[in-house]
Every structure is written in structure tokens, then in C-alpha cells.
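This is query_7.txt. It holds compact mmCIF, C-alpha atoms and all ligand atoms.
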# COMPACT_ATOMS: atom_id res chain seq x y z
CA MET A 1 252.29 34.37 -19.17
CA ALA A 2 248.92 32.88 -18.29
CA ASP A 3 245.76 33.88 -20.12
CA TYR A 4 244.14 35.21 -16.96
CA LYS A 5 245.47 36.58 -13.72
CA ILE A 6 243.13 36.10 -10.75
CA THR A 7 243.59 37.64 -7.32
CA LEU A 8 242.26 35.51 -4.47
CA LEU A 9 240.91 37.23 -1.38
CA LYS A 10 240.23 34.22 0.79
CA GLY A 11 239.25 36.30 3.81
CA ASP A 12 238.06 34.90 7.14
CA GLY A 13 236.11 32.00 8.63
CA ILE A 14 235.14 29.48 5.95
CA GLY A 15 236.59 31.80 3.26
CA PRO A 16 239.85 29.89 2.68
CA GLU A 17 238.10 26.47 2.58
CA ILE A 18 235.51 27.45 0.00
CA VAL A 19 237.92 29.45 -2.18
CA ASN A 20 240.33 26.49 -2.29
CA GLN A 21 237.58 24.29 -3.70
CA ALA A 22 236.55 26.92 -6.24
CA VAL A 23 240.17 27.29 -7.41
CA LYS A 24 240.35 23.53 -7.91
CA VAL A 25 237.24 23.70 -10.10
CA LEU A 26 238.58 26.69 -12.05
CA ASN A 27 241.82 24.81 -12.73
CA LYS A 28 239.86 21.82 -13.94
CA ALA A 29 237.80 24.04 -16.25
CA ALA A 30 241.00 25.66 -17.56
CA GLU A 31 242.44 22.25 -18.38
CA LYS A 32 239.25 21.13 -20.11
CA PHE A 33 238.63 24.31 -22.08
CA GLY A 34 242.25 25.07 -22.92
CA PHE A 35 243.14 28.27 -21.10
CA THR A 36 245.59 29.06 -18.32
CA VAL A 37 245.13 30.86 -15.02
CA GLU A 38 247.69 32.38 -12.69
CA TYR A 39 246.84 33.27 -9.08
CA ASP A 40 247.95 35.82 -6.58
CA GLU A 41 246.67 36.17 -3.02
CA ALA A 42 245.94 39.29 -1.01
CA LEU A 43 244.54 40.10 2.41
CA LEU A 44 241.07 41.48 3.08
CA GLY A 45 238.96 41.68 6.22
CA GLY A 46 239.87 40.29 9.63
CA CYS A 47 243.00 38.49 8.41
CA ALA A 48 244.21 41.82 7.02
CA ILE A 49 243.53 43.58 10.32
CA ASP A 50 245.56 40.90 12.13
CA ALA A 51 248.47 41.18 9.72
CA THR A 52 248.53 44.91 8.96
CA GLY A 53 246.13 46.73 11.31
CA VAL A 54 243.66 47.67 8.55
CA PRO A 55 240.95 45.63 6.75
CA LEU A 56 241.95 46.81 3.26
CA PRO A 57 245.72 47.26 2.81
CA GLU A 58 246.77 49.34 -0.20
CA GLU A 59 248.68 46.39 -1.57
CA THR A 60 245.39 44.48 -1.86
CA VAL A 61 243.79 47.22 -3.98
CA ALA A 62 246.87 47.35 -6.23
CA LYS A 63 246.92 43.58 -6.75
CA CYS A 64 243.19 43.48 -7.55
CA LYS A 65 243.53 46.34 -10.04
CA ALA A 66 246.36 44.50 -11.78
CA SER A 67 244.31 41.34 -12.29
CA ASP A 68 241.63 40.19 -14.72
CA SER A 69 239.29 39.24 -11.90
CA VAL A 70 239.02 38.81 -8.18
CA LEU A 71 237.62 35.81 -6.31
CA LEU A 72 236.55 36.52 -2.74
CA GLY A 73 235.60 34.10 0.03
CA ALA A 74 234.01 35.97 2.93
CA VAL A 75 235.08 38.39 5.63
CA GLY A 76 234.29 39.03 9.30
CA GLY A 77 233.83 37.18 12.55
CA PRO A 78 233.31 37.75 16.27
CA LYS A 79 237.04 38.22 16.81
CA TRP A 80 236.83 41.66 15.18
CA ASP A 81 233.45 42.76 16.59
CA ASN A 82 235.10 45.29 18.87
CA GLN A 83 236.85 47.14 16.07
CA PRO A 84 235.49 50.65 15.42
CA GLY A 85 233.02 50.66 12.50
CA SER A 86 235.49 52.17 10.06
CA ASN A 87 238.03 49.43 10.80
CA ARG A 88 235.76 46.39 10.80
CA PRO A 89 236.38 43.58 8.28
CA GLU A 90 233.15 44.62 6.51
CA ALA A 91 234.60 48.11 5.95
CA GLY A 92 237.33 46.37 3.94
CA LEU A 93 234.71 44.75 1.75
CA LEU A 94 232.92 48.06 1.13
CA GLY A 95 236.33 49.65 0.54
CA ILE A 96 237.34 47.21 -2.17
CA ARG A 97 233.92 47.53 -3.87
CA GLY A 98 234.40 51.30 -3.89
CA ALA A 99 238.08 51.24 -4.89
CA LEU A 100 237.41 48.99 -7.89
CA GLY A 101 234.27 50.92 -8.87
CA LEU A 102 232.10 47.79 -8.65
CA PHE A 103 228.76 49.54 -8.88
CA ALA A 104 226.71 46.65 -10.27
CA ASN A 105 226.09 43.58 -8.15
CA LEU A 106 224.39 40.67 -9.89
CA ARG A 107 222.77 38.14 -7.59
CA PRO A 108 220.98 35.35 -9.43
CA SER A 109 218.51 33.28 -7.45
CA VAL A 110 218.11 30.05 -9.34
CA ILE A 111 216.52 26.86 -8.18
CA PHE A 112 218.51 23.72 -8.94
CA GLY A 113 216.02 20.94 -9.69
CA PRO A 114 217.42 18.42 -7.20
CA LEU A 115 217.26 21.05 -4.43
CA LYS A 116 213.60 21.96 -4.80
CA SER A 117 212.67 20.14 -1.62
CA ALA A 118 215.26 22.14 0.34
CA SER A 119 213.28 25.31 -0.26
CA PRO A 120 210.95 26.33 2.58
CA ILE A 121 208.49 27.51 -0.08
CA LYS A 122 205.85 25.11 -1.43
CA ASP A 123 206.64 23.34 -4.71
CA GLU A 124 203.70 24.79 -6.60
CA ILE A 125 204.74 28.31 -5.67
CA ILE A 126 208.36 27.92 -6.82
CA GLY A 127 207.49 26.09 -10.03
CA ASP A 128 210.21 24.33 -12.03
CA ASP A 129 212.21 27.19 -13.36
CA MET A 130 212.39 29.99 -10.83
CA ASP A 131 215.20 32.22 -12.05
CA ILE A 132 215.42 35.73 -10.62
CA MET A 133 218.31 38.10 -11.21
CA ILE A 134 218.66 40.77 -8.54
CA VAL A 135 220.72 43.74 -9.70
CA ARG A 136 221.88 45.59 -6.61
CA GLU A 137 223.51 49.04 -6.77
CA LEU A 138 226.74 48.50 -4.85
CA THR A 139 228.78 51.66 -4.43
CA GLY A 140 226.18 54.26 -3.40
CA GLY A 141 223.21 54.82 -1.13
CA ILE A 142 223.23 54.51 2.64
CA TYR A 143 226.29 52.24 2.62
CA PHE A 144 228.44 55.08 1.30
CA GLY A 145 226.51 58.19 2.41
CA GLN A 146 227.59 60.48 5.22
CA ARG A 147 227.19 59.09 8.70
CA GLY A 148 227.91 60.34 12.13
CA ARG A 149 227.15 60.61 15.79
CA GLU A 150 226.30 63.58 17.92
CA ASP A 151 225.53 63.33 21.61
CA ASP A 152 223.07 60.50 21.93
CA ALA A 153 222.04 60.38 18.24
CA ALA A 154 223.47 58.80 15.10
CA TRP A 155 222.64 59.05 11.38
CA ASP A 156 223.34 57.48 8.01
CA THR A 157 222.43 59.09 4.71
CA GLU A 158 220.72 57.56 1.69
CA LYS A 159 221.79 59.64 -1.30
CA TYR A 160 221.67 58.82 -5.01
CA SER A 161 222.56 60.92 -8.04
CA VAL A 162 220.84 60.60 -11.41
CA ALA A 163 224.11 59.32 -12.91
CA GLU A 164 224.39 56.56 -10.32
CA VAL A 165 220.83 55.38 -10.88
CA GLU A 166 221.15 55.65 -14.64
CA ARG A 167 224.20 53.38 -14.92
CA ILE A 168 222.74 50.65 -12.68
CA ALA A 169 219.41 50.88 -14.51
CA ARG A 170 221.21 50.34 -17.83
CA VAL A 171 222.92 47.22 -16.51
CA ALA A 172 219.52 45.88 -15.42
CA PHE A 173 217.76 46.73 -18.69
CA ASP A 174 220.61 45.16 -20.70
CA LEU A 175 220.27 41.97 -18.65
CA ALA A 176 216.50 41.98 -19.02
CA MET A 177 216.95 42.21 -22.80
CA LYS A 178 218.99 38.99 -22.70
CA ARG A 179 216.44 37.27 -20.46
CA ASN A 180 212.65 37.53 -20.35
CA LYS A 181 212.46 41.29 -20.96
CA LYS A 182 210.82 42.03 -17.65
CA LEU A 183 212.25 44.45 -15.10
CA THR A 184 210.96 45.31 -11.63
CA SER A 185 212.46 48.42 -10.06
CA VAL A 186 212.18 48.28 -6.29
CA ASP A 187 212.10 51.44 -4.17
CA LYS A 188 210.28 53.19 -1.35
CA ALA A 189 209.06 56.13 -3.40
CA ASN A 190 206.02 56.63 -1.16
CA VAL A 191 208.37 57.81 1.59
CA LEU A 192 211.93 58.49 0.42
CA GLU A 193 213.00 61.39 -1.80
CA SER A 194 216.00 59.36 -2.99
CA SER A 195 213.54 56.69 -4.14
CA ARG A 196 211.48 59.24 -6.04
CA LEU A 197 214.61 60.26 -7.94
CA TRP A 198 215.41 56.57 -8.45
CA ARG A 199 211.99 55.86 -9.95
CA GLN A 200 212.00 58.97 -12.15
CA THR A 201 215.46 58.06 -13.49
CA VAL A 202 214.57 54.43 -14.18
CA ILE A 203 211.53 55.65 -16.16
CA GLU A 204 213.79 57.95 -18.21
CA VAL A 205 216.21 55.10 -18.99
CA SER A 206 213.30 52.80 -19.92
CA LYS A 207 212.65 54.96 -22.99
CA ASP A 208 215.78 53.41 -24.52
CA TYR A 209 214.40 49.91 -23.90
CA PRO A 210 210.88 49.90 -25.32
CA GLU A 211 210.84 46.09 -25.47
CA VAL A 212 211.34 45.67 -21.74
CA GLU A 213 208.22 45.55 -19.60
CA LEU A 214 209.00 47.75 -16.59
CA ASN A 215 207.10 47.84 -13.31
CA HIS A 216 207.77 49.53 -9.98
CA MET A 217 207.29 47.98 -6.59
CA TYR A 218 207.71 49.26 -3.05
CA VAL A 219 210.33 47.28 -1.18
CA ASP A 220 207.95 46.07 1.54
CA ASN A 221 205.56 44.73 -1.07
CA CYS A 222 208.48 43.13 -2.95
CA ALA A 223 209.59 41.32 0.21
CA MET A 224 206.08 39.89 0.43
CA GLN A 225 205.72 39.12 -3.30
CA LEU A 226 209.01 37.19 -3.31
CA VAL A 227 207.51 34.52 -1.08
CA ARG A 228 203.93 34.84 -2.37
CA ASN A 229 204.74 34.48 -6.07
CA PRO A 230 208.46 34.48 -6.93
CA LYS A 231 207.72 33.39 -10.50
CA GLN A 232 206.44 36.87 -11.36
CA PHE A 233 210.02 38.23 -11.28
CA ASP A 234 212.68 38.20 -13.98
CA VAL A 235 215.16 41.00 -13.25
CA ILE A 236 214.91 43.17 -10.13
CA VAL A 237 216.91 46.40 -9.87
CA THR A 238 217.28 48.15 -6.57
CA SER A 239 219.41 50.21 -4.23
CA ASN A 240 222.34 48.99 -2.18
CA ILE A 241 220.51 48.32 1.08
CA PHE A 242 217.26 47.02 -0.40
CA GLY A 243 219.29 44.69 -2.62
CA ASP A 244 221.24 43.44 0.38
CA ILE A 245 218.05 42.47 2.18
CA LEU A 246 216.04 41.14 -0.77
CA SER A 247 218.91 38.98 -2.03
CA ASP A 248 219.15 37.14 1.29
CA GLU A 249 215.41 36.53 1.12
CA ALA A 250 215.60 35.35 -2.50
CA SER A 251 218.47 33.00 -1.67
CA MET A 252 216.34 31.10 0.81
CA ILE A 253 213.63 30.58 -1.78
CA ALA A 254 216.31 28.78 -3.78
CA GLY A 255 216.98 26.41 -0.89
CA SER A 256 220.09 27.60 0.90
CA ILE A 257 222.17 30.71 1.22
CA GLY A 258 225.11 28.34 0.70
CA MET A 259 224.17 28.07 -2.98
CA LEU A 260 224.07 31.61 -4.26
CA ALA A 261 226.81 33.27 -6.26
CA SER A 262 227.34 36.90 -7.13
CA ALA A 263 229.24 39.11 -9.53
CA SER A 264 230.23 42.69 -8.82
CA LEU A 265 230.99 44.55 -12.02
CA SER A 266 232.60 47.86 -12.84
CA GLY A 267 231.51 48.35 -16.42
CA GLY A 268 234.96 47.22 -17.57
CA LYS A 269 236.34 43.69 -17.64
CA LEU A 270 237.48 43.59 -14.02
CA GLY A 271 234.93 42.01 -11.74
CA LEU A 272 234.81 40.65 -8.23
CA TYR A 273 233.08 37.34 -7.63
CA GLU A 274 231.90 36.06 -4.28
CA PRO A 275 229.26 33.93 -2.61
CA ILE A 276 226.49 36.04 -1.09
CA HIS A 277 226.83 34.30 2.27
CA GLY A 278 229.14 35.31 5.10
CA SER A 279 232.19 33.80 6.79
CA ALA A 280 230.19 31.39 9.02
CA PRO A 281 232.71 31.46 11.89
CA ASP A 282 230.70 28.78 13.76
CA ILE A 283 231.62 26.11 11.18
CA ALA A 284 235.00 27.45 10.05
CA GLY A 285 237.77 24.84 9.93
CA LYS A 286 235.33 21.92 10.29
CA GLY A 287 235.43 21.09 6.58
CA ILE A 288 231.63 21.09 6.30
CA ALA A 289 231.02 24.42 4.54
CA ASN A 290 229.16 24.34 1.23
CA PRO A 291 231.60 25.51 -1.50
CA LEU A 292 228.97 25.58 -4.25
CA ALA A 293 228.16 29.30 -4.04
CA THR A 294 231.85 30.06 -4.55
CA ILE A 295 232.15 27.47 -7.31
CA LEU A 296 229.12 29.04 -9.01
CA SER A 297 230.77 32.45 -8.55
CA VAL A 298 233.67 31.10 -10.61
CA ALA A 299 231.14 30.23 -13.30
CA MET A 300 229.90 33.83 -13.23
CA MET A 301 233.52 35.04 -13.50
CA LEU A 302 234.03 32.88 -16.58
CA ARG A 303 230.87 34.30 -18.10
CA TYR A 304 231.13 38.01 -17.26
CA SER A 305 234.87 38.73 -17.05
CA LEU A 306 236.82 36.03 -18.85
CA ALA A 307 234.58 35.45 -21.88
CA GLN A 308 234.51 31.66 -21.39
CA PRO A 309 230.76 31.02 -21.48
CA GLU A 310 231.09 27.31 -22.29
CA ALA A 311 233.25 26.75 -19.25
CA ALA A 312 230.68 28.63 -17.14
CA GLU A 313 227.85 26.44 -18.40
CA ALA A 314 229.88 23.28 -17.87
CA ILE A 315 230.49 24.18 -14.22
CA GLU A 316 226.81 24.95 -13.64
CA ALA A 317 225.79 21.68 -15.26
CA ALA A 318 228.34 19.77 -13.18
CA VAL A 319 226.99 21.33 -9.97
CA ALA A 320 223.41 20.40 -10.90
CA LYS A 321 224.48 16.80 -11.62
CA VAL A 322 226.50 16.40 -8.43
CA LEU A 323 223.55 17.68 -6.37
CA GLU A 324 221.44 14.74 -7.52
CA ASN A 325 223.26 12.49 -5.05
CA ASN A 326 225.57 14.55 -2.88
CA ARG A 327 225.00 17.19 -0.25
CA THR A 328 226.95 19.20 2.27
CA PRO A 329 225.23 19.29 5.68
CA ASP A 330 223.45 22.62 5.07
CA ILE A 331 221.41 21.12 2.22
CA TYR A 332 221.42 17.50 3.36
CA GLU A 333 218.38 15.31 2.74
CA GLU A 334 217.63 11.66 3.63
CA GLY A 335 219.09 9.20 1.17
CA MET A 336 221.87 11.47 -0.12
CA ASN A 337 225.62 11.08 0.41
CA LYS A 338 226.69 13.53 3.06
CA VAL A 339 229.94 15.08 1.83
CA THR A 340 232.56 17.49 3.13
CA CYS A 341 233.56 20.79 1.59
CA GLU A 342 236.57 19.18 -0.06
CA GLN A 343 234.65 16.15 -1.32
CA MET A 344 232.10 18.48 -2.90
CA GLY A 345 234.92 20.27 -4.75
CA ASP A 346 236.35 16.92 -5.91
CA LEU A 347 232.95 15.73 -7.10
CA VAL A 348 232.38 18.85 -9.19
CA CYS A 349 235.88 18.46 -10.72
CA ALA A 350 235.25 14.79 -11.49
CA GLN A 351 231.90 15.63 -13.08
CA LEU A 352 233.55 18.34 -15.18
C1 LIG B 401 226.61 41.22 1.38
C2 LIG B 401 227.00 41.38 2.82
C3 LIG B 401 227.74 42.70 2.99
C4 LIG B 401 226.81 43.81 2.58
C5 LIG B 401 228.29 42.92 4.41
C6 LIG B 401 229.17 41.80 4.87
C7 LIG B 401 229.00 44.24 4.53
O1 LIG B 401 225.87 41.29 3.63
O2 LIG B 401 227.52 41.20 0.53
O3 LIG B 401 225.43 41.09 1.10
O4 LIG B 401 225.97 44.25 3.38
O5 LIG B 401 226.92 44.26 1.44
MG MG B 402 224.10 40.79 2.61
Whole structure given in C-alpha cells:
Amino acid sequence: MADYKITLLKGDGIGPEIVNQAVKVLNKAAEKFGFTVEYDEALLGGCAIDATGVPLPEETVAKCKASDSVLLGAVGGPKWDNQPGSNRPEAGLLGIRGALGLFANLRPSVIFGPLKSASPIKDEIIGDDMDIMIVRELTGGIYFGQRGREDDAAWDTEKYSVAEVERIARVAFDLAMKRNKKLTSVDKANVLESSRLWRQTVIEVSKDYPEVELNHMYVDNCAMQLVRNPKQFDVIVTSNIFGDILSDEASMIAGSIGMLASASLSGGKLGLYEPIHGSAPDIAGKGIANPLATILSVAMMLRYSLAQPEAAEAIEAAVAKVLENNRTPDIYEEGMNKVTCEQMGDLVCAQL
């Protein structure tokens, strides 16, 4: 029996290409650090709709639950745009997050030195060590609230309970304690009742973390502050939808959405790891996708679920080194080697 059992949800579009590269890197890390990994595959998203009629087959949930961790590529594409909302590929993604209880989504936005010039933000604003951790609540809020249609109107509901806010706040405070002890809670408490409860609850939880400097920011201001002065942030904790939006913004500060990894955690060992970008159907099958966000998601898996922190660091260091001379087209700059998705995977393995 292998040390770890990983379920792969390759998904749609560029999903299979990038996951294949990340698996190669994980196997290399296993060899180097002396552990073994066994894989299983399951269907999620559009490929699952094509094969079974639904975006999240029960078999997929069962396989994920029986594994130590899940590695996901991306789901969705124009082919499935005409599916009803509840049967879209994205509904499969929300379904698996809910079914596995993955309430805490960690989205680090880190600038890799060699990529600084790829950021649209001026050098002096980014500084040398921008490192923001966005903690997004992932199984509540408007994504999971009641929705409906009546006549010519439609609605979605943003609802949070104290317990839901409390547990995500604790994850964020715990992370802040291991980092720079600074937490920004982002809400819209000047308008939304759910945000007022959010803020009140975060303040309650903060009493258990006297060393962490807590501040509150309205989401519109935060969107502005992220480009005005990203260095002011350490950990950001926010709701499902605000975290969705702010993490895309933060990813661009770091140079490319093709670079950012994420971890979705349940409080237990089981986690789901995926790049924050989508399935990029326009470049699928061309071999030019950037696999680094998925490779860096493997590093997060090693750190948060598999207790192999040295392997995680080695992968991150290998990625930083490879970026000094090699780029996929999305982050290409004059003078660099332009490489394919597969070559990028090979280079990271060789560096490891
Ligand atoms: C993300 C994505 C998903 C989300 C979509 C694909 C449903 O944008 O993981 O950020 O909104 O959560
Ligand atoms: Mg998103």
C-alpha cells in the first residue's frame, strides 16, 4: 500500500494537461523525499456531464472521501453553457466543495522574484516580498444560499451563521499567527446585515488571538487598496463571493493568474488542491498552458495534507529557479526560453 492515496479530478479544457505535469512533479518529489503515492481518477464537471449526465457523480464523491487528498485541474467550457444552472460543470465544483466540507479556501498571492516584471503593478508598489494569503469562506454565503426565480425576477441569498464565520475566522487567525500576525477581515458591513454579523463574530474570535493585529475593511476599499498598496496585507479573511473576486485581483498583482495555487481544507486531513484559474478552453489541447499553478497546488497539498513540508519547499524553490530562464507563453518575456506545458513540467522535475 502506498503512503498516500490521491484522487485526480482532471476536469475539462486545460485540466488534464496541467494535472499530468503536476503528477509528474509529485512523483519526482516522492522519489526524492522517500514516500509513495497511488492515484485514482474520477470525473467532475463537463467531462462528467458527457459521461454520466451529471457534473458530480456519486462515485466521484466516494473516491474523494476515500483518499488522502484531491488534486483538481479545472472545470467548465462553452460546450456546457446551455446546461441549466444546477447542472453546469461549475455546480459540480460547488458540489464537491460542499460534499467534502471544504469550508476554508487558502489562496496565497506570492510574487516570484523573476516574475516581478510580469506584474502590471509598478515595482516600487509591489516591493520584493509581496506575500498575501487570502482565506476565502468556501461552503456558505451567496454561493450556497437559497436562490430562485419568479415571473421576471430572480434572487440569490447571502446568509452566514455565527458558527460558519467563527470556524473560518479561526483558520485565518491561526495562519496569521504563523505569519506576520496581521489579519484584515473584509466585508460590506455598511450595507449588508450578513456582513455585520461577520464583523461582530470576527471581533469575538479575535479575543482568543490577542497577538494578532486585526483590522476591518469594506470590500470596495480592499479592491482599491490591493492595487494601491498590496504590501499592507498579510492575511485577508472574507466571504465566499468577496474572496472569489479579490483573489482574482490579487493573482494579477503577482503577475499571472496562471501562477496561483489554492488549498481547500475541511478541518481534517482531507483537502482539495487546485489552481485558481479556469479551464481556458481557448488554449486547451495546444500544449501551451502554464502548469505552475497546479504544480504549486501540489506543494500546498504536501504542506497542508500530507505533512511533507520539505518536499513542498523543494517544489516551490524549483519553480522559482526554473522561472529565471523559462516561461510559458502567458508569462513570456524577451530573452527567455519559451516552453510548452510539458517542458515546464520536465524542467521543474529536473530542477527538483
Ligand atoms: C473559483 C472559480 C469558481 C468559484 C467557479 C468556477 C464556480 O471562479 O474557484 O474561484 O466561483 O468559486
Ligand atoms: Mg474565481
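Environment of ligand MG 402 (chain B), defined as every protein or nucleic acid residue with an atom within 9 Å of it and counting all atoms listed in the file, comprises Ile241, Gly243, Asp244, Ile245, Leu246, Ser247, Asp248, Ile276, His277 and Gly278 of chain A.
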Residues of region 125-184 of chain A within 10 Å of region 204-211 of chain A: nearest atom pair and distance (Å, one decimal) for each, counting all atoms listed in the file, sorted by chain and number, as JSON lines?
{"residue": "A:Val165", "atom": "CA", "partner": "A:Val205", "partner_atom": "CA", "distance": 9.3}
{"residue": "A:Glu166", "atom": "CA", "partner": "A:Val205", "partner_atom": "CA", "distance": 6.6}
{"residue": "A:Arg167", "atom": "CA", "partner": "A:Val205", "partner_atom": "CA", "distance": 9.1}
{"residue": "A:Ala169", "atom": "CA", "partner": "A:Val205", "partner_atom": "CA", "distance": 6.9}
{"residue": "A:Arg170", "atom": "CA", "partner": "A:Val205", "partner_atom": "CA", "distance": 7.0}
{"residue": "A:Phe173", "atom": "CA", "partner": "A:Tyr209", "partner_atom": "CA", "distance": 7.0}
{"residue": "A:Asp174", "atom": "CA", "partner": "A:Tyr209", "partner_atom": "CA", "distance": 8.4}
{"residue": "A:Ala176", "atom": "CA", "partner": "A:Glu211", "partner_atom": "CA", "distance": 9.5}
{"residue": "A:Met177", "atom": "CA", "partner": "A:Glu211", "partner_atom": "CA", "distance": 7.7}
{"residue": "A:Lys181", "atom": "CA", "partner": "A:Glu211", "partner_atom": "CA", "distance": 6.8}
{"residue": "A:Lys182", "atom": "CA", "partner": "A:Glu211", "partner_atom": "CA", "distance": 8.8}
{"residue": "A:Leu183", "atom": "CA", "partner": "A:Ser206", "partner_atom": "CA", "distance": 9.7}
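Between CA of Ala66 (chain A) and CA of Arg88 (chain A) lies a distance of 25.0 Å.
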Axis-aligned box for all listed atoms of region 19-30 of chain A, 3 Å per side, centre and edges in Å to one decimal, as AutoDock Vina command-line options:
--center_x 239.2 --center_y 25.6 --center_z -9.9 --size_x 11.3 --size_y 13.6 --size_z 21.4
Review point. Quick one: distance from CA of Arg97 (chain A) to CA of Val171 (chain A) in Å, one decimal?
Key: 16.8 Å
Can you check which parts of region 250-299 of chain A lie within 12 Å of region 307-331 of chain A? Per residue, the shortest pair of atoms and distance in Å to one decimal, counting all atoms listed in the file, sorted by chain and number, as a tab-separated table.
residue	atom	partner	partner_atom	distance
A:Met252	CA	A:Ile331	CA	11.3
A:Ala254	CA	A:Ile331	CA	11.0
A:Gly255	CA	A:Ile331	CA	7.6
A:Ser256	CA	A:Ile331	CA	6.7
A:Ile257	CA	A:Asp330	CA	9.1
A:Gly258	CA	A:Asp330	CA	7.4
A:Met259	CA	A:Ile331	CA	9.1
A:Leu260	CA	A:Glu316	CA	11.8
A:Ala261	CA	A:Glu316	CA	11.1
A:Lys269	CA	A:Ala307	CA	9.4
A:Leu270	CA	A:Ala307	CA	11.7
A:Ala280	CA	A:Asp330	CA	11.7
A:Ile283	CA	A:Asp330	CA	10.8
A:Lys286	CA	A:Pro329	CA	11.4
A:Gly287	CA	A:Thr328	CA	9.7
A:Ile288	CA	A:Thr328	CA	6.5
A:Ala289	CA	A:Thr328	CA	7.0
A:Asn290	CA	A:Thr328	CA	5.7
A:Pro291	CA	A:Thr328	CA	8.7
A:Leu292	CA	A:Val319	CA	7.4
A:Ala293	CA	A:Val319	CA	10.0
A:Thr294	CA	A:Val319	CA	11.4
A:Ile295	CA	A:Ile315	CA	7.8
A:Leu296	CA	A:Glu316	CA	6.6
A:Ser297	CA	A:Ala312	CA	9.4
A:Val298	CA	A:Ala312	CA	7.6
A:Ala299	CA	A:Ala312	CA	4.2
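In this comparison, which uses only C-alpha atoms and all ligand atoms, the residue of A:Thr139, A:Ser117, A:Thr184, A:Thr36 approaching ligand LIG 401 (chain B) most closely is A:Thr139.
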**Study point:** Close residues, Tyr39 (chain A) itself excluded, 8 Å, all atoms listed in the file, min 6 positions apart in chain, as a PyMOL selection string
**Key:** chain A and resi 5-8
Review point. Using only C-alpha atoms, which residue out of A:Ala104, A:Cys47, A:Val37, A:Val23 lies closest to Tyr4 (chain A)?
Key: A:Val37
Check your understanding: Which value, in Å to one decimal, gives the distance between CA of Gly113 (chain A) and CA of Met217 (chain A)?
Key ->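 Separating CA of Gly113 (chain A) from CA of Met217 (chain A) is a distance of 28.6 Å.
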Practice item. Select, counting all atoms listed in the file, all protein, DNA and RNA residues no farther than 10 Å from (213.6, 33.0, -10.3) in file coordinates, and express the selection as a VMD selection string. Key: chain A and resid 108 to 111 126 to 134 226 229 to 235 250 to 251 253 to 254
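Among the candidate residues A:Glu17, A:Glu59, A:Asp40, A:Asp68, the one lying nearest to Tyr304 (chain A) is A:Asp68, with distances computed using all atoms listed in the file.
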**Study point:** For Phe144 (chain A): contacts at 9 Å, only C-alpha atoms, fewer than 4 positions along chain excluded, given as a list in words
**Key:** Leu94, Gly98, Thr139, Gly140, Asp156, Thr157, Glu158 and Lys159 of chain A
Exercise for review: Write out as an NGL selection string the residues lying within 7 Å of Ile18 (chain A), counting all atoms listed in the file and excluding same-chain residues fewer than 2 positions away.
Suggested key: :A and (14-16 or 20-22 or 73 or 291 or 294)
Point to revise | Selected residue of minimal separation from Gly345 (chain A) among A:Leu26, A:Leu138, A:Leu197, A:Ala51, counting all atoms listed in the file | key: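 When distances to Gly345 (chain A) are compared using all atoms listed in the file, the smallest one comes from A:Leu26.
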**Study point:** From A:Ala62, A:Ala42, A:Ala74, A:Leu265, residue lying nearest ligand LIG 401 (chain B) [only C-alpha atoms and all ligand atoms]
**Key:** A:Ala74
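Between Gly101 (chain A) and the residues A:Ser194, A:Thr60, A:Thr238, A:Ser264, the shortest atom-to-atom distance, using all atoms listed in the file, involves A:Ser264.
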**Study point:** Within 10 Å of Val61 (chain A) using all atoms listed in the file, minus same-chain residues under 5 positions, as a list in words
**Key:** Ala42, Leu43, Leu44, Leu56, Ala66, Gly95, Ile96, Arg97, Ala99 and Leu100 of chain A
